[in-house]
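Undergrad: The structure that follows is given in the form of structure tokens.
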Amino acid sequence: MTAPVSRDRVLDRYQSHVNTSLASLARLIAAPVEVTAAGSKVQGSDGHTYLDCGGFGVFLLGHCHPAVVAAVRKQLARNPLATRLFLNPELAQAAADLAGITPAGLDYVFLTNSGAEATEVGLKLARLAGKRHVIAMERGFHGKTLGALSVTGKAQYRDPFGPLLPMVDFVEFGDLAALHAVLTAQSVVLLEPVQAEAGVRLPPEGYLAQVQRACTETGAVLILDEIQSGMGRLGAWWGADLARVTPDVLLTGKILGGGVMPVGGVVASAQLFAPLNADPLLHSSTFAGSPLAAAAVTATIGAIKSEGLIERTRELGLQVRALADEAVTAHCPHLVAEVRGQGLLIGIDFVSAEAATEFLIGLLDSRVIASYSLNSGNVLRLTPPAILDETDLHWLARALTSAAGHVGRVMPATVRA
């Protein structure tokens with residue numbers, strides 16, 4: 001029998017060997033140790049079961065999806081890592097599967113180990129195309145490796161590591177005039193269809209199509225970061241599909257590994273990928289595109305298709321957003337500016353970071369996990385799996401109501417921020 005997990009021992013090791021601030025945060029919110037997870041549920045060392053509506057967008061299929069776990073387990077027993085000298089059938093299949101669900105014209109795939117790595121590959125492809133000037137979005141988030149950090153729109157993360165990449169301009173998301181003011185033929189435009197870490201910020205109607213048109217007219221390269229918005233999270237395979245645009249490069253990750261393997265990916269047009277086709281050693285990675293990761297990608301795409309999870313995401317997204325809106329409207333309307341979202345990427349925009357934190361604590365008290373937003377402390381995000389059933393929805397409704405009541409009592413209208 002496995003010995004029970006000691007939370008105190010884990011906290012001590014976090015304090016001594018992982019990160020002291022993370023240990024302090026865990027103590028503040030009384031976070032238990034994760035023990036096991038399956039479907040929409042996470043088991044904590046405190047003996048409680050938690051409904052996972054967080055996970056920073058990874059678990060659209062839930063935890064330990066049987067088809068993905070089976071594929072990974074089978075591959076693990078056969079050939080988990082490749083020699084890199086021979087052909088890898090799992091990589092070939094995953095690349096074909098991924099290219100098959102992206103917008104037409106995006107045919108070449110480079111699998112990575114993370115979303116940040118995917119951003120790096122996208123930037124390198126743009127440089128190989130002669131684009132040295134990057135236009136990124138204020139409050140956008142693309143990762144924290146040096147290249148990805150250079151184009152992440154929050155100075156708090158960038159400043160300690162400067163100097164970063166040169167020739168980067170930040171413009172407001174949704175401001176077409178600001179984009180036109182700095183756009184040239186030497187530019188690469190990098191943006192998310194929906195800014196997730198910025199607090200689920202949706203673009204104005206037609207904005208992405210106008211950005212693509214501007215890039216086409218000037219000869220600039222367009223990279224869409226769909227690491228968090230793609231693979232069904234918005235109720236479509238990609239935000240690009242909803243906007244009816246085709247970028248030169250599309251970045252993916254998060255859901256791509258089915259909640260089982262960490263995987264990122266880049267899907268590019270033949271024109272942008274041509275330098276890597278000519279010399280594959282211009283960019284390589286020992287572990288990227290491993291048979292184990294590739295098996296997870298293929299199984300994930302298959303599960304999303306066979307289980308109708310994109311359609312389910314659209315249906316559930318409307319229900320979850322309505323539940324959140326009803327709860328805060330009834331119990332703490334003075335603390336919430338807006339509930340917004342697309343599909344199962346939903347943000348509750350509070351008037352202060354303190355209110356968002358109190359709401360998060362209230363949800364945890366009701367055994368529901370949510371996510372904060374790295375680039376917007378006021379916004380709490382709900383990114384539940386597309387496998388929630390009616391019992392889960394009732395659980396979530398009760399938790400949202402309880403959390404709204406909690407934050408309304410802690411921060412009454414008389415002390416509104």
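So you can find residues: chains in the structure tokens are A, B, ... in the order shown, residues in each start at 1, and ligands are numbered from 1 in order.
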So that I can see what lies close to range 134-143 of chain A, please list as a list in words the residues with an atom at most 6 Å from it, counting only C-alpha atoms and leaving out residues fewer than 4 positions away in the same chain.
TA: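 The residues satisfying every condition are Ala116, Ala148, Leu149, Val151, Thr152, Gly153, Lys154, Val168, Asp169, Phe170, Val171, Glu172, Phe173, Ser187, Val188, Val189, Leu190, Ala198 and Asn375 of chain A.
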Undergrad: Hey, what does DSSP flag as alpha helix (DSSP H) within range 313-353 of chain A? Can you give it to me as a ChimeraX atom specification?
TA: /A:313-331,353
Undergrad: Between A:Pro203, A:Gly115, A:Pro166, A:Pro160, which is the closest to Gly230 in chain A once you count only C-alpha atoms?
TA: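 Under the stated criterion, the closest residue is A:Gly115.
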Undergrad: Need the shell around Gly147 in chain A: protein/DNA/RNA residues with any atom at most 9 Å away, counting only C-alpha atoms. Skip same-chain ones fewer than 6 positions apart. Format as a list in words?
TA: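 After dropping sequence-adjacent residues, the list is Ala116, Thr119, Glu120, Leu123, Leu164 and Leu165 of chain A.
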Undergrad: Please save N, CA and C atoms of the selected residues as a short mmCIF file (atom, residue, chain, number, x, y, z; two decimals), in the first residue's frame.
TA:
```cif
data_model
loop_
_atom_site.label_atom_id
_atom_site.label_comp_id
_atom_site.auth_asym_id
_atom_site.auth_seq_id
_atom_site.Cartn_x
_atom_site.Cartn_y
_atom_site.Cartn_z
N ALA A 116 6.12 27.69 -25.13
CA ALA A 116 7.17 28.71 -25.28
C ALA A 116 8.14 28.32 -26.40
N THR A 119 6.69 29.20 -29.67
CA THR A 119 6.87 30.62 -29.97
C THR A 119 8.26 30.87 -30.53
N GLU A 120 9.27 30.25 -29.94
CA GLU A 120 10.65 30.44 -30.42
C GLU A 120 10.77 29.98 -31.87
N LEU A 123 9.11 32.52 -34.22
CA LEU A 123 9.95 33.71 -34.41
C LEU A 123 11.14 33.41 -35.32
N LEU A 164 16.55 42.23 -24.16
CA LEU A 164 15.94 41.10 -24.86
C LEU A 164 16.06 41.31 -26.37
N LEU A 165 15.21 40.66 -27.14
CA LEU A 165 15.28 40.83 -28.59
C LEU A 165 15.07 42.30 -28.96
#
```
Undergrad: Considering only C-alpha atoms, state which residue in the set A:Asp389, A:Glu217, A:Glu192, A:Asp52 is at the smallest distance from Arg312 in chain A.
TA: A:Asp389
Undergrad: Mind giving me the straight-line distance from CA of Ser285 in chain A to CA of Thr145 in chain A in Å, one decimal?
TA: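 Between CA of Ser285 in chain A and CA of Thr145 in chain A the gap is 15.1 Å.
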Undergrad: Would you mind telling me which residue in A:Asn378, A:Thr391, A:Ser371, A:Ser150 lies nearest to Glu338 in chain A when using only C-alpha atoms?
TA: A:Asn378
Undergrad: For range 6-17 of chain A, work out the shell of residues within 12 Å, counting only C-alpha atoms and skipping chain neighbours fewer than 3 positions away, then give it as a ChimeraX atom specification.
TA: /A:2-3,20-28,30-35,44-47
Undergrad: Please dump the current selection as a JSON list (two decimals), in the first residue's frame; keep C-alpha atoms.
TA:
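Now in out26.json:
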```json
[["chain", "number", "residue", "atom", "x", "y", "z"],
["A", 2, "THR", "CA", 1.27, 3.49, -0.90],
["A", 3, "ALA", "CA", 2.08, 5.64, 2.12],
["A", 20, "THR", "CA", 9.84, 29.70, -1.33],
["A", 21, "SER", "CA", 7.14, 32.00, -2.72],
["A", 22, "LEU", "CA", 5.16, 29.09, -4.14],
["A", 23, "ALA", "CA", 5.33, 27.46, -0.73],
["A", 24, "SER", "CA", 4.01, 30.65, 0.88],
["A", 25, "LEU", "CA", 1.17, 30.92, -1.65],
["A", 26, "ALA", "CA", 0.18, 27.30, -1.03],
["A", 27, "ARG", "CA", 0.01, 28.01, 2.69],
["A", 28, "LEU", "CA", -2.05, 31.17, 2.08],
["A", 30, "ALA", "CA", -4.45, 26.15, 2.07],
["A", 31, "ALA", "CA", -3.73, 24.25, -1.12],
["A", 32, "PRO", "CA", -3.57, 20.48, -0.65],
["A", 33, "VAL", "CA", -1.20, 18.15, -2.46],
["A", 34, "GLU", "CA", -2.50, 16.69, -5.73],
["A", 35, "VAL", "CA", -2.67, 12.92, -5.30],
["A", 44, "GLY", "CA", -6.29, 16.17, -2.79],
["A", 45, "SER", "CA", -4.23, 14.96, 0.14],
["A", 46, "ASP", "CA", -6.84, 16.59, 2.37],
["A", 47, "GLY", "CA", -9.24, 13.79, 1.45]]
```
Undergrad: May I have the residues within 10 Å of Pro333 in chain A as JSON, numbers by chain, using only C-alpha atoms and disregarding those fewer than 6 positions away in the same chain?
TA: {"A": [325, 326, 327, 350, 404, 408, 413]}
Undergrad: How would the residues just picked look written out with N, CA and C atoms as a short mmCIF file (atom, residue, chain, number, x, y, z; two decimals), in the first residue's frame?
TA:
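For reference, result28.cif as written:
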```
data_model
loop_
_atom_site.label_atom_id
_atom_site.label_comp_id
_atom_site.auth_asym_id
_atom_site.auth_seq_id
_atom_site.Cartn_x
_atom_site.Cartn_y
_atom_site.Cartn_z
N ASP A 325 -22.26 34.41 -14.61
CA ASP A 325 -22.91 35.72 -14.66
C ASP A 325 -24.06 35.81 -13.67
N GLU A 326 -24.85 34.76 -13.57
CA GLU A 326 -25.96 34.76 -12.63
C GLU A 326 -25.48 34.86 -11.18
N ALA A 327 -24.41 34.14 -10.86
CA ALA A 327 -23.91 34.14 -9.48
C ALA A 327 -23.40 35.50 -9.06
N PHE A 350 -13.01 41.26 -12.23
CA PHE A 350 -13.34 41.92 -10.98
C PHE A 350 -12.77 43.34 -10.97
N ALA A 404 -19.41 33.83 -4.81
CA ALA A 404 -19.92 35.19 -5.00
C ALA A 404 -20.46 35.74 -3.69
N GLY A 408 -18.82 38.92 -1.73
CA GLY A 408 -19.74 40.01 -1.45
C GLY A 408 -19.78 40.38 0.02
N ALA A 413 -20.49 46.57 -0.67
CA ALA A 413 -20.52 47.74 -1.57
C ALA A 413 -19.96 48.99 -0.94
#
```
Undergrad: My list of candidates is A:Ala37, A:Asn79, A:Leu128, A:Leu98. Which is closest to Thr298 in chain A when distances are computed with only C-alpha atoms?
TA: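 That would be A:Leu98, the residue with the smallest distance to Thr298 in chain A.
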Undergrad: Determine the nearest neighbour of Gly62 in chain A from the options A:Ala403, A:Leu318, A:Ala386, A:Leu242, counting only C-alpha atoms.
TA: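 So, comparing all the options, the nearest one is A:Ala386.
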